[in-house]
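Text of my_file.pdb, listed as PDB, C-alpha atoms and all ligand atoms:
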```
ATOM      1  CA  MET A1255    -244.917 -30.916  46.363
ATOM      2  CA  ILE A1256    -242.448 -33.008  48.306
ATOM      3  CA  LEU A1257    -241.245 -32.591  51.889
ATOM      4  CA  VAL A1258    -237.834 -34.037  52.761
ATOM      5  CA  ALA A1259    -237.276 -34.575  56.501
ATOM      6  CA  GLY A1260    -233.629 -34.955  57.417
ATOM      7  CA  ALA A1261    -232.911 -32.741  54.392
ATOM      8  CA  THR A1262    -229.827 -31.237  56.030
ATOM      9  CA  GLY A1263    -228.248 -34.691  56.551
ATOM     10  CA  GLU A1264    -225.737 -36.336  54.214
ATOM     11  CA  LEU A1265    -228.313 -38.593  52.582
ATOM     12  CA  GLY A1266    -231.061 -35.952  52.778
ATOM     13  CA  ARG A1267    -229.009 -33.440  50.780
ATOM     14  CA  ALA A1268    -228.193 -36.049  48.126
ATOM     15  CA  ILE A1269    -231.920 -36.850  47.853
ATOM     16  CA  CYS A1270    -232.775 -33.144  47.569
ATOM     17  CA  HIS A1271    -230.259 -32.696  44.731
ATOM     18  CA  ARG A1272    -232.015 -35.430  42.765
ATOM     19  CA  LEU A1273    -235.543 -34.207  43.496
ATOM     20  CA  THR A1274    -234.827 -30.571  42.588
ATOM     21  CA  GLN A1275    -233.168 -31.648  39.322
ATOM     22  CA  ARG A1276    -236.482 -33.197  38.300
ATOM     23  CA  GLY A1277    -238.356 -29.910  38.817
ATOM     24  CA  GLY A1278    -241.366 -29.463  41.090
ATOM     25  CA  THR A1279    -241.413 -27.923  44.529
ATOM     26  CA  VAL A1280    -239.224 -29.461  47.213
ATOM     27  CA  TYR A1281    -239.437 -28.426  50.861
ATOM     28  CA  GLY A1282    -236.652 -29.356  53.251
ATOM     29  CA  MET A1283    -237.345 -29.674  56.968
ATOM     30  CA  VAL A1284    -234.800 -27.643  58.948
ATOM     31  CA  ARG A1285    -234.489 -26.391  62.497
ATOM     32  CA  PRO A1286    -232.742 -23.427  64.114
ATOM     33  CA  THR A1287    -229.762 -25.625  65.071
ATOM     34  CA  SER A1288    -229.249 -27.111  61.572
ATOM     35  CA  ALA A1289    -225.784 -26.412  60.153
ATOM     36  CA  PRO A1290    -226.012 -23.103  58.217
ATOM     37  CA  GLU A1291    -223.848 -24.482  55.376
ATOM     38  CA  ALA A1292    -226.242 -27.430  54.933
ATOM     39  CA  VAL A1293    -229.240 -25.067  54.809
ATOM     40  CA  ALA A1294    -227.355 -22.784  52.367
ATOM     41  CA  GLU A1295    -226.589 -25.783  50.115
ATOM     42  CA  LEU A1296    -230.284 -26.699  50.075
ATOM     43  CA  GLU A1297    -231.342 -23.138  49.283
ATOM     44  CA  ALA A1298    -228.744 -22.892  46.501
ATOM     45  CA  ILE A1299    -230.361 -25.830  44.677
ATOM     46  CA  GLY A1300    -233.876 -24.453  45.123
ATOM     47  CA  VAL A1301    -235.090 -26.343  48.200
ATOM     48  CA  ARG A1302    -237.474 -24.271  50.320
ATOM     49  CA  PRO A1303    -236.592 -24.579  54.002
ATOM     50  CA  VAL A1304    -239.505 -25.177  56.372
ATOM     51  CA  GLU A1305    -238.991 -25.105  60.130
ATOM     52  CA  ALA A1306    -240.606 -27.812  62.216
ATOM     53  CA  ASP A1307    -240.121 -29.355  65.645
ATOM     54  CA  LEU A1308    -240.616 -33.106  66.117
ATOM     55  CA  ALA A1309    -242.060 -32.475  69.569
ATOM     56  CA  GLU A1310    -244.721 -30.122  68.162
ATOM     57  CA  PRO A1311    -247.275 -32.047  66.078
ATOM     58  CA  GLU A1312    -248.852 -28.814  64.828
ATOM     59  CA  SER A1313    -245.535 -27.739  63.273
ATOM     60  CA  LEU A1314    -245.243 -31.156  61.578
ATOM     61  CA  ARG A1315    -248.765 -30.863  60.166
ATOM     62  CA  GLU A1316    -247.920 -27.398  58.832
ATOM     63  CA  ALA A1317    -244.734 -28.754  57.236
ATOM     64  CA  CYS A1318    -246.707 -31.577  55.555
ATOM     65  CA  SER A1319    -249.622 -29.379  54.509
ATOM     66  CA  GLY A1320    -250.131 -29.367  50.735
ATOM     67  CA  CYS A1321    -247.442 -32.009  50.110
ATOM     68  CA  ASP A1322    -248.255 -35.173  48.212
ATOM     69  CA  THR A1323    -245.068 -36.956  49.271
ATOM     70  CA  VAL A1324    -242.809 -37.076  52.324
ATOM     71  CA  VAL A1325    -239.324 -38.593  52.258
ATOM     72  CA  SER A1326    -237.550 -39.047  55.576
ATOM     73  CA  GLY A1327    -234.014 -40.010  56.565
ATOM     74  CA  MET A1328    -233.837 -38.280  59.959
ATOM     75  CA  THR A1329    -231.758 -39.911  62.652
ATOM     76  CA  ALA A1330    -230.299 -39.050  66.045
ATOM     77  CA  MET A1331    -227.276 -41.316  65.472
ATOM     78  CA  GLY A1332    -224.009 -39.426  65.594
ATOM     79  CA  ARG A1333    -225.648 -36.445  67.297
ATOM     80  CA  PRO A1334    -224.994 -36.888  71.033
ATOM     81  CA  ALA A1335    -227.437 -34.144  71.949
ATOM     82  CA  GLU A1336    -230.306 -36.013  70.256
ATOM     83  CA  SER A1337    -232.184 -39.032  71.530
ATOM     84  CA  ILE A1338    -233.008 -42.104  69.450
ATOM     85  CA  ASP A1339    -236.387 -42.437  71.163
ATOM     86  CA  ALA A1340    -237.252 -38.793  70.472
ATOM     87  CA  VAL A1341    -236.059 -38.665  66.842
ATOM     88  CA  ASP A1342    -235.878 -42.144  65.313
ATOM     89  CA  ARG A1343    -238.970 -43.489  67.093
ATOM     90  CA  ASP A1344    -241.354 -40.804  68.422
ATOM     91  CA  GLY A1345    -240.309 -38.094  65.957
ATOM     92  CA  HIS A1346    -240.858 -40.352  62.979
ATOM     93  CA  LEU A1347    -244.124 -41.718  64.394
ATOM     94  CA  ALA A1348    -245.329 -38.131  64.845
ATOM     95  CA  LEU A1349    -244.259 -37.250  61.302
ATOM     96  CA  VAL A1350    -246.082 -40.288  59.867
ATOM     97  CA  ALA A1351    -249.237 -39.312  61.816
ATOM     98  CA  ALA A1352    -248.992 -35.679  60.681
ATOM     99  CA  ALA A1353    -248.466 -36.705  57.043
ATOM    100  CA  ALA A1354    -251.484 -39.044  57.131
ATOM    101  CA  GLU A1355    -253.657 -36.346  58.744
ATOM    102  CA  GLU A1356    -252.640 -33.826  56.075
ATOM    103  CA  GLY A1357    -253.587 -36.201  53.243
ATOM    104  CA  VAL A1358    -250.047 -36.945  52.060
ATOM    105  CA  GLU A1359    -250.301 -39.736  49.489
ATOM    106  CA  ARG A1360    -246.892 -41.357  49.733
ATOM    107  CA  PHE A1361    -244.271 -41.699  52.438
ATOM    108  CA  VAL A1362    -240.739 -42.918  51.671
ATOM    109  CA  TYR A1363    -238.919 -43.977  54.806
ATOM    110  CA  VAL A1364    -235.184 -44.690  55.082
ATOM    111  CA  SER A1365    -234.703 -47.573  57.510
ATOM    112  CA  TYR A1366    -231.902 -50.142  57.319
ATOM    113  CA  SER A1367    -231.343 -53.777  56.338
ATOM    114  CA  GLY A1368    -233.619 -56.341  57.960
ATOM    115  CA  ALA A1369    -230.550 -58.333  59.021
ATOM    116  CA  ILE A1370    -229.200 -55.442  61.100
ATOM    117  CA  GLY A1371    -229.935 -55.348  64.818
ATOM    118  CA  LYS A1372    -232.713 -56.858  66.854
ATOM    119  CA  ASP A1373    -233.550 -55.379  70.229
ATOM    120  CA  ASP A1374    -231.238 -52.356  70.450
ATOM    121  CA  PRO A1375    -232.954 -48.929  70.643
ATOM    122  CA  LEU A1376    -232.324 -47.866  67.031
ATOM    123  CA  THR A1377    -233.506 -51.132  65.485
ATOM    124  CA  LEU A1378    -236.619 -51.168  67.691
ATOM    125  CA  ALA A1379    -237.350 -47.595  66.571
ATOM    126  CA  LYS A1380    -236.801 -48.356  62.866
ATOM    127  CA  ARG A1381    -239.038 -51.434  62.926
ATOM    128  CA  ALA A1382    -241.759 -49.624  64.911
ATOM    129  CA  VAL A1383    -241.842 -46.845  62.302
ATOM    130  CA  GLU A1384    -241.916 -49.390  59.459
ATOM    131  CA  ARG A1385    -244.924 -51.177  61.036
ATOM    132  CA  THR A1386    -246.819 -47.965  61.732
ATOM    133  CA  LEU A1387    -246.171 -46.588  58.257
ATOM    134  CA  LYS A1388    -247.565 -49.741  56.622
ATOM    135  CA  HIS A1389    -250.860 -49.209  58.458
ATOM    136  CA  SER A1390    -251.003 -45.445  57.980
ATOM    137  CA  GLY A1391    -253.329 -45.450  54.987
ATOM    138  CA  MET A1392    -250.667 -43.729  52.841
ATOM    139  CA  SER A1393    -248.760 -45.477  50.072
ATOM    140  CA  TRP A1394    -245.427 -46.362  51.564
ATOM    141  CA  THR A1395    -241.897 -47.373  50.676
ATOM    142  CA  VAL A1396    -239.443 -48.690  53.232
ATOM    143  CA  LEU A1397    -235.857 -48.457  52.014
ATOM    144  CA  ARG A1398    -233.563 -50.803  53.878
ATOM    145  CA  PRO A1399    -229.995 -49.948  52.867
ATOM    146  CA  SER A1400    -226.964 -51.943  53.904
ATOM    147  CA  TYR A1401    -223.737 -50.308  55.165
ATOM    148  CA  PHE A1402    -222.871 -46.999  53.476
ATOM    149  CA  MET A1403    -219.321 -46.949  52.078
ATOM    150  CA  GLU A1404    -219.029 -43.294  53.165
ATOM    151  CA  SER A1405    -219.751 -44.177  56.808
ATOM    152  CA  TRP A1406    -218.138 -47.572  57.333
ATOM    153  CA  LEU A1407    -215.039 -47.229  55.162
ATOM    154  CA  ALA A1408    -214.101 -43.873  56.657
ATOM    155  CA  PRO A1409    -211.800 -42.624  59.431
ATOM    156  CA  ALA A1410    -214.692 -41.840  61.794
ATOM    157  CA  LEU A1411    -215.279 -45.580  62.188
ATOM    158  CA  GLY A1412    -211.580 -46.462  62.157
ATOM    159  CA  PHE A1413    -211.063 -47.148  58.439
ATOM    160  CA  ASP A1414    -208.259 -44.662  57.894
ATOM    161  CA  LEU A1415    -206.456 -45.270  54.607
ATOM    162  CA  ALA A1416    -204.418 -42.062  54.856
ATOM    163  CA  ALA A1417    -203.009 -43.214  58.204
ATOM    164  CA  GLY A1418    -202.464 -46.776  56.896
ATOM    165  CA  ARG A1419    -204.714 -48.225  59.650
ATOM    166  CA  VAL A1420    -208.075 -49.908  59.340
ATOM    167  CA  ARG A1421    -210.488 -51.183  61.967
ATOM    168  CA  ILE A1422    -212.592 -54.230  61.166
ATOM    169  CA  TYR A1423    -215.538 -55.408  63.222
ATOM    170  CA  GLY A1424    -215.366 -59.185  63.755
ATOM    171  CA  ASP A1425    -213.001 -61.501  61.878
ATOM    172  CA  GLY A1426    -213.585 -59.710  58.547
ATOM    173  CA  ARG A1427    -214.652 -62.818  56.644
ATOM    174  CA  ALA A1428    -218.407 -62.262  56.316
ATOM    175  CA  PRO A1429    -219.418 -60.501  53.060
ATOM    176  CA  ILE A1430    -221.222 -57.142  53.146
ATOM    177  CA  SER A1431    -223.040 -55.390  50.307
ATOM    178  CA  TRP A1432    -221.428 -51.978  50.887
ATOM    179  CA  VAL A1433    -223.578 -49.351  49.208
ATOM    180  CA  ALA A1434    -222.684 -45.856  47.984
ATOM    181  CA  ARG A1435    -224.812 -43.174  49.632
ATOM    182  CA  ASP A1436    -225.583 -41.654  46.227
ATOM    183  CA  ASP A1437    -227.073 -44.982  45.112
ATOM    184  CA  VAL A1438    -229.380 -44.945  48.140
ATOM    185  CA  ALA A1439    -230.363 -41.378  47.213
ATOM    186  CA  ASP A1440    -231.144 -42.600  43.676
ATOM    187  CA  PHE A1441    -233.488 -45.233  45.104
ATOM    188  CA  ALA A1442    -235.152 -42.709  47.418
ATOM    189  CA  ALA A1443    -235.733 -40.261  44.555
ATOM    190  CA  ALA A1444    -237.033 -43.068  42.320
ATOM    191  CA  ALA A1445    -239.354 -44.316  45.082
ATOM    192  CA  VAL A1446    -241.230 -41.010  45.087
ATOM    193  CA  ASP A1447    -243.197 -41.899  41.971
ATOM    194  CA  SER A1448    -242.308 -45.484  41.108
ATOM    195  CA  GLU A1449    -245.062 -48.104  40.954
ATOM    196  CA  GLU A1450    -242.364 -50.709  41.713
ATOM    197  CA  ALA A1451    -241.750 -48.986  45.025
ATOM    198  CA  ARG A1452    -245.394 -48.541  46.057
ATOM    199  CA  ASN A1453    -246.136 -50.418  49.279
ATOM    200  CA  ALA A1454    -242.780 -52.153  49.074
ATOM    201  CA  THR A1455    -239.867 -52.864  51.380
ATOM    202  CA  LEU A1456    -236.628 -52.685  49.415
ATOM    203  CA  GLU A1457    -233.392 -54.147  50.716
ATOM    204  CA  ILE A1458    -230.609 -52.118  49.096
ATOM    205  CA  GLY A1459    -226.939 -53.001  48.781
ATOM    206  CA  GLY A1460    -224.132 -52.349  46.359
ATOM    207  CA  PRO A1461    -223.517 -54.464  43.255
ATOM    208  CA  GLU A1462    -221.311 -57.022  45.030
ATOM    209  CA  ALA A1463    -220.822 -58.399  48.525
ATOM    210  CA  LEU A1464    -217.214 -58.223  49.735
ATOM    211  CA  ALA A1465    -215.796 -59.387  53.055
ATOM    212  CA  PRO A1466    -213.985 -56.622  54.979
ATOM    213  CA  LEU A1467    -210.686 -58.501  54.503
ATOM    214  CA  GLU A1468    -211.306 -58.470  50.732
ATOM    215  CA  VAL A1469    -211.918 -54.722  50.956
ATOM    216  CA  VAL A1470    -208.617 -54.286  52.794
ATOM    217  CA  ALA A1471    -206.813 -56.355  50.143
ATOM    218  CA  LEU A1472    -208.383 -54.192  47.440
ATOM    219  CA  CYS A1473    -207.276 -51.027  49.254
ATOM    220  CA  ALA A1474    -203.734 -52.400  49.608
ATOM    221  CA  ALA A1475    -203.664 -53.201  45.880
ATOM    222  CA  LEU A1476    -204.943 -49.728  44.942
ATOM    223  CA  THR A1477    -202.598 -47.833  47.257
ATOM    224  CA  GLY A1478    -199.606 -50.159  46.909
ATOM    225  CA  ARG A1479    -199.288 -50.123  50.674
ATOM    226  CA  GLU A1480    -199.959 -52.676  53.413
ATOM    227  CA  LEU A1481    -202.518 -51.636  55.995
ATOM    228  CA  ALA A1482    -202.389 -52.331  59.737
ATOM    229  CA  ILE A1483    -205.588 -54.133  60.749
ATOM    230  CA  GLU A1484    -207.241 -53.794  64.140
ATOM    231  CA  HIS A1485    -210.025 -56.308  64.796
ATOM    232  CA  VAL A1486    -212.854 -55.626  67.231
ATOM    233  CA  ALA A1487    -214.053 -59.008  68.517
ATOM    234  CA  ALA A1488    -217.709 -59.904  68.001
ATOM    235  CA  ALA A1489    -217.863 -60.981  71.672
ATOM    236  CA  ASP A1490    -216.882 -57.431  72.741
ATOM    237  CA  LEU A1491    -219.582 -56.005  70.521
ATOM    238  CA  GLU A1492    -222.182 -58.387  71.969
ATOM    239  CA  ASP A1493    -221.211 -57.111  75.379
ATOM    240  CA  ARG A1494    -221.475 -53.475  74.283
ATOM    241  CA  VAL A1495    -224.940 -54.086  72.802
ATOM    242  CA  LYS A1496    -226.068 -55.229  76.265
ATOM    243  CA  ARG A1497    -224.045 -52.926  78.482
ATOM    244  CA  GLY A1498    -223.251 -49.808  76.425
ATOM    245  CA  ALA A1499    -223.555 -46.618  78.468
ATOM    246  CA  SER A1500    -226.203 -44.968  76.284
ATOM    247  CA  PRO A1501    -228.857 -45.935  73.697
ATOM    248  CA  GLN A1502    -226.575 -44.485  70.973
ATOM    249  CA  GLU A1503    -223.643 -46.643  72.134
ATOM    250  CA  ARG A1504    -225.770 -49.797  72.337
ATOM    251  CA  SER A1505    -227.245 -49.111  68.901
ATOM    252  CA  LEU A1506    -223.859 -48.407  67.314
ATOM    253  CA  ALA A1507    -222.531 -51.651  68.806
ATOM    254  CA  ALA A1508    -225.520 -53.496  67.288
ATOM    255  CA  LEU A1509    -224.662 -52.050  63.866
ATOM    256  CA  MET A1510    -221.030 -53.136  64.296
ATOM    257  CA  LEU A1511    -222.101 -56.616  65.411
ATOM    258  CA  ALA A1512    -224.341 -57.045  62.370
ATOM    259  CA  TYR A1513    -221.389 -55.920  60.204
ATOM    260  CA  ALA A1514    -219.263 -58.623  61.900
ATOM    261  CA  ARG A1515    -221.904 -61.206  60.973
ATOM    262  CA  GLY A1516    -222.136 -59.978  57.376
ATOM    263  CA  ASN A1517    -224.930 -58.502  55.282
ATOM    264  CA  ALA A1518    -225.032 -59.732  51.689
ATOM    265  CA  VAL A1519    -227.975 -58.382  49.669
ATOM    266  CA  PRO A1520    -228.733 -59.809  46.208
ATOM    267  CA  MET A1521    -229.189 -56.701  44.049
ATOM    268  CA  GLU A1522    -229.275 -57.615  40.360
ATOM    269  CA  ASP A1523    -233.025 -57.915  40.131
ATOM    270  CA  VAL A1524    -233.796 -54.768  42.173
ATOM    271  CA  ALA A1525    -231.303 -52.528  40.334
ATOM    272  CA  GLU A1526    -232.663 -53.722  36.997
ATOM    273  CA  ARG A1527    -236.298 -53.121  37.958
ATOM    274  CA  PHE A1528    -235.441 -49.524  38.925
ATOM    275  CA  GLY A1529    -233.108 -48.984  35.973
ATOM    276  CA  LEU A1530    -230.321 -47.920  38.339
ATOM    277  CA  GLU A1531    -226.622 -48.587  38.000
ATOM    278  CA  LEU A1532    -224.947 -49.356  41.304
ATOM    279  CA  THR A1533    -221.485 -48.094  42.242
ATOM    280  CA  PRO A1534    -218.856 -50.862  42.552
ATOM    281  CA  LEU A1535    -216.705 -50.574  45.648
ATOM    282  CA  ARG A1536    -213.528 -50.434  43.563
ATOM    283  CA  ALA A1537    -214.782 -47.384  41.619
ATOM    284  CA  TRP A1538    -215.839 -45.686  44.849
ATOM    285  CA  LEU A1539    -212.432 -46.344  46.445
ATOM    286  CA  GLU A1540    -210.570 -45.078  43.371
ATOM    287  CA  ARG A1541    -212.610 -41.871  43.479
ATOM    288  CA  ARG A1542    -211.910 -41.486  47.178
ATOM    289  CA  LEU A1543    -208.182 -42.039  46.755
ATOM    290  CA  ARG A1544    -208.071 -39.517  43.883
ATOM    291  CA  ALA A1545    -209.761 -37.023  46.218
ATOM    292  CA  GLY A1546    -206.906 -37.616  48.656
ATOM    293  CA  ALA A1547    -208.937 -39.244  51.433
TER
HETATM  294  N1  LIG B   1    -224.760 -44.591  57.462
HETATM  295  C1  LIG B   1    -225.146 -45.825  57.141
HETATM  296  O1  LIG B   1    -224.327 -46.743  56.924
HETATM  297  C2  LIG B   1    -226.617 -46.123  56.992
HETATM  298  C3  LIG B   1    -227.003 -47.407  56.581
HETATM  299  C4  LIG B   1    -228.352 -47.673  56.417
HETATM  300  C5  LIG B   1    -229.305 -46.700  56.694
HETATM  301  N2  LIG B   1    -228.896 -45.458  57.110
HETATM  302  C6  LIG B   1    -229.939 -44.463  57.382
HETATM  303  O2  LIG B   1    -229.802 -43.375  56.486
HETATM  304  C7  LIG B   1    -230.458 -42.233  57.039
HETATM  305  C8  LIG B   1    -229.639 -40.976  56.777
HETATM  306  O3  LIG B   1    -228.381 -41.095  57.358
HETATM  307  P1  LIG B   1    -227.359 -39.868  57.275
HETATM  308  O4  LIG B   1    -226.006 -40.445  57.520
HETATM  309  O5  LIG B   1    -227.611 -39.068  56.041
HETATM  310  O6  LIG B   1    -227.791 -39.042  58.542
HETATM  311  P2  LIG B   1    -227.243 -37.623  59.009
HETATM  312  O7  LIG B   1    -226.297 -37.037  58.018
HETATM  313  O8  LIG B   1    -226.746 -37.802  60.408
HETATM  314  O9  LIG B   1    -228.552 -36.711  59.018
HETATM  315  C9  LIG B   1    -229.492 -36.819  60.034
HETATM  316  C10 LIG B   1    -230.631 -35.862  59.748
HETATM  317  O10 LIG B   1    -231.583 -36.019  60.821
HETATM  318  C11 LIG B   1    -231.920 -34.723  61.287
HETATM  319  N3  LIG B   1    -232.289 -34.695  62.698
HETATM  320  C12 LIG B   1    -231.594 -35.203  63.742
HETATM  321  N4  LIG B   1    -232.231 -34.904  64.897
HETATM  322  C13 LIG B   1    -233.348 -34.182  64.553
HETATM  323  C14 LIG B   1    -234.407 -33.578  65.279
HETATM  324  N5  LIG B   1    -234.466 -33.634  66.617
HETATM  325  N6  LIG B   1    -235.362 -32.915  64.594
HETATM  326  C15 LIG B   1    -235.321 -32.848  63.245
HETATM  327  N7  LIG B   1    -234.341 -33.384  62.483
HETATM  328  C16 LIG B   1    -233.371 -34.057  63.138
HETATM  329  C17 LIG B   1    -230.656 -33.895  61.078
HETATM  330  O11 LIG B   1    -231.023 -32.520  61.095
HETATM  331  P3  LIG B   1    -230.006 -31.360  61.608
HETATM  332  O12 LIG B   1    -229.058 -31.140  60.460
HETATM  333  O13 LIG B   1    -230.895 -30.236  61.877
HETATM  334  O14 LIG B   1    -229.290 -31.902  62.820
HETATM  335  C18 LIG B   1    -230.218 -34.386  59.704
HETATM  336  O15 LIG B   1    -230.920 -33.741  58.699
HETATM  337  C19 LIG B   1    -230.689 -42.555  58.521
HETATM  338  O16 LIG B   1    -232.044 -42.855  58.704
HETATM  339  C20 LIG B   1    -229.830 -43.800  58.747
HETATM  340  O17 LIG B   1    -230.358 -44.636  59.750
HETATM  341  C21 LIG B   1    -227.574 -45.152  57.252
END
```
Exercise: express the given structure as C-alpha cells:
Amino acid sequence: MILVAGATGELGRAICHRLTQRGGTVYGMVRPTSAPEAVAELEAIGVRPVEADLAEPESLREACSGCDTVVSGMTAMGRPAESIDAVDRDGHLALVAAAAEEGVERFVYVSYSGAIGKDDPLTLAKRAVERTLKHSGMSWTVLRPSYFMESWLAPALGFDLAAGRVRIYGDGRAPISWVARDDVADFAAAAVDSEEARNATLEIGGPEALAPLEVVALCAALTGRELAIEHVAAADLEDRVKRGASPQERSLAALMLAYARGNAVPMEDVAERFGLELTPLRAWLERRLRAGA
C-alpha cells in the first residue's frame, strides 16, 4: 500500500495516475479544503482519499498506518494561505516521523535541484527534510527536479506565448535543464520500488539544457512570430531574496535567481539507468501550441 501526500497537486495527481495503473492500493492524502475536482479525479482513477492534518501527528500516523511506501510532493508555494514553515518544513518533518513510527519501509521525497537556493525559507525547509529523511531509518529517495516546463514556461510566471510576451529572469544566457512534470512523475513512480533509487539523491532535468534565450528563439521559430522579452535583473532578484515581504516571496525570488544563474543537469546516465525517455522541450512546446496555450 502506498500513501501519496500532496496527491491533489499537479505533480501528485500525475504520480497517482502512474501508481494506480500498476495496480495495488494507493491512498491519497486530502483535506477538507482540497479542490473537489482534484479529489474527484483521484477517486475516478481508484485512489482512496484519506484525510489528515499536518498539525495533528495522530492523523498522519493513521494515514501512514499499513503503508509500505510514502511519496510526498506537498508544498505551500503558490498557496498564500499556507506557510512554508508549516507545510514544507514542519509538515514534512512530521510526516517523515509518522511514517517511520508506523513502520513504512520507503519514503520518496520531492525536493528540488541542489543548485537552487541557499538560505531562503523554502530551500532551508527542503534541505532540512532531506537530512532528516536520510537518518529516519526508512529507505529513502530524494528527487531533486530542475525547473518544470509547465511552471516556468507558462503565463503565471510571465511566459505568455499567446500574448506574444515572455519574461526571462536574468540575462537569459545560462542553460537550464527544463523538465516535463510527467517525467518527474515517472521518476517518482519508478522510485517506489527501484533498487537504483534506494537511499539515493537524484538530480532530475530534461534531456537537454537550453538557455532561456534559446527557448525564446525556439518558440519564435515554432510560432512564426517574434516575442517581446522582458528581463528581470538578477540584482533585483537578489534584493527580493533578502527583502521580500513574505517567506513565499523571498523563496520565489530565490527560485528565479537560481534560474537566472542556470541549472544544467547531465541526464543521459540517469535516464538510461531508470529506462525512462525524457521529453525534449521542442516536443513539449509543440504539444502546448497544438493545445492552443
Ligand atoms: N514547479 C517546479 O518547477 C518545481 C521544480 C522542482 C520541484 N518542485 C516540487 O514539486 C512538488 C510538487 O509541486 P506541484 O507544482 O505539483 O505542487 P502543487 O500543485 O502546488 O501541489 C501542492 C500539494 O501540496 C498540498 N498541500 C499544501 N498545503 C498543505 C497542507 N497544509 N496540508 C496538506 N497538504 C498541503 C496541496 O494540497 P491541497 O490540494 O489540499 O491544497 C497539494 O496537494 C513540490 O514539492 C515542489 O517544490 C516543483
Would you list the contacts of A:Ala1289 as an NGL selection string, taking every protein, DNA or RNA residue within 12 Å and counting all atoms listed in the file, but skipping same-chain residues closer than 6 positions in sequence? :A and (1260-1264 or 1295-1296)
Written file, previous selection with C-alpha atoms, as a compact mmCIF listing (two decimals), in the frame of the given file:
```
# COMPACT_ATOMS: atom_id res chain seq x y z
CA GLY A 1260 -233.63 -34.96 57.42
CA ALA A 1261 -232.91 -32.74 54.39
CA THR A 1262 -229.83 -31.24 56.03
CA GLY A 1263 -228.25 -34.69 56.55
CA GLU A 1264 -225.74 -36.34 54.21
CA GLU A 1295 -226.59 -25.78 50.12
CA LEU A 1296 -230.28 -26.70 50.08
```
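Proximity ranking of A:Met1510, A:Leu1476, A:Ala1525, A:Val1396 relative to A:Leu1491 places A:Met1510 first, based on all atoms listed in the file.
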Can you translate the PyMOL selection byres (((chain A and resi 1529-1538) around 10) and not hetatm) into the concrete residues it hits in this file, as JSON, numbers by chain? {"A": [1403, 1404, 1431, 1432, 1433, 1434, 1435, 1436, 1437, 1438, 1440, 1441, 1444, 1459, 1460, 1461, 1462, 1463, 1464, 1469, 1472, 1473, 1476, 1521, 1522, 1523, 1524, 1525, 1526, 1527, 1528, 1539, 1540, 1541, 1542, 1543, 1544]}
If you apply the PyMOL selection byres (((chain A and resi 1374-1386) around 8) and not hetatm) to this file, what residues do you get, as an MDAnalysis selection string? chainID A and resid 1338:1339 1342:1343 1346:1347 1350 1363 1365:1366 1370:1373 1387:1390 1396 1495 1501:1502 1504:1505 1508
Leaving out A:Thr1329 and any residue of its chain fewer than 2 positions from it, which residues lie within 7 Å of it when counting only C-alpha atoms, given as a list of chain:residue names? A:Gly1327, A:Met1331, A:Val1341, A:Asp1342
Export C-alpha atoms of the chosen residues as a PDB file, keeping the file's coordinate frame?
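And here's result.pdb as it stands now:
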```pdb
ATOM      1  CA  GLY A1327    -234.014 -40.010  56.565  1.00  0.00           C
ATOM      2  CA  MET A1331    -227.276 -41.316  65.472  1.00  0.00           C
ATOM      3  CA  VAL A1341    -236.059 -38.665  66.842  1.00  0.00           C
ATOM      4  CA  ASP A1342    -235.878 -42.144  65.313  1.00  0.00           C
TER       5      ASP A1342
END
```
Within 9 Å of A:Leu1481, counting only C-alpha atoms, which residues show up once you throw out same-chain ones fewer than 3 positions away? Write them as a PyMOL selection string, please. chain A and resi 1415+1417-1420+1470-1471+1473-1474
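Going from atom CA of A:Ala1499 to atom CA of A:Arg1333 covers 15.3 Å.
With all atoms listed in the file as the atoms that count, the minimum distance from ligand LIG 1 (chain B) to the choices A:Ala1348, A:Ala1410, A:Ala1416, A:Val1364 is reached by A:Val1364.
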Selection in question (the file shown): the PyMOL selection byres (((chain A and resi 1309) around 10) and not hetatm). Which residues does it include, as number ranges by chain? A: 1306-1308, 1310-1314, 1340-1341, 1344-1345, 1348-1349
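Proximity of A:Met1255, A:Ala1442, A:Ala1352, A:Met1392 to ligand LIG 1 (chain B), computed with all atoms listed in the file, is greatest for A:Ala1442.
In terms of minimum interatomic distance to ligand LIG 1 (chain B), A:Arg1398 ranks closest within A:Arg1302, A:Arg1272, A:Arg1315, A:Arg1398, counting all atoms listed in the file.
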Best match for closeness to ligand LIG 1 (chain B) among A:Ala1439, A:Ala1369, A:Leu1265, A:Ala1514, counting all atoms listed in the file: A:Leu1265
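Across the structure, atom CA of A:Ile1430 and atom CA of A:Val1325 are spaced 25.9 Å apart.
Separating atom O6 of ligand LIG 1 (chain B) from atom CA of A:Gly1266 is a distance of 7.3 Å.
With only C-alpha atoms and all ligand atoms as the atoms that count, the residue of A:Ala1330, A:Cys1321, A:Leu1456, A:Leu1257 with the shortest distance to ligand LIG 1 (chain B) is A:Ala1330.
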Name the residues within 8 Å of (-236.5, -25.2, 62.2), counting only C-alpha atoms in the file's coordinates, and put them as a ChimeraX atom specification. /A:1283-1288,1304-1307
Excluding A:His1485 and residues on its chain fewer than 6 positions from it, collect all residues at most 9 Å away from it, counting only C-alpha atoms, and give them as a PyMOL selection string. chain A and resi 1420-1426
For the residues selected in the previous step, produce a file with C-alpha atoms as a compact mmCIF listing (two decimals), in the frame of the given file.
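Listing of out17.txt after writing:
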```
# COMPACT_ATOMS: atom_id res chain seq x y z
CA VAL A 1420 -208.08 -49.91 59.34
CA ARG A 1421 -210.49 -51.18 61.97
CA ILE A 1422 -212.59 -54.23 61.17
CA TYR A 1423 -215.54 -55.41 63.22
CA GLY A 1424 -215.37 -59.18 63.76
CA ASP A 1425 -213.00 -61.50 61.88
CA GLY A 1426 -213.58 -59.71 58.55
```
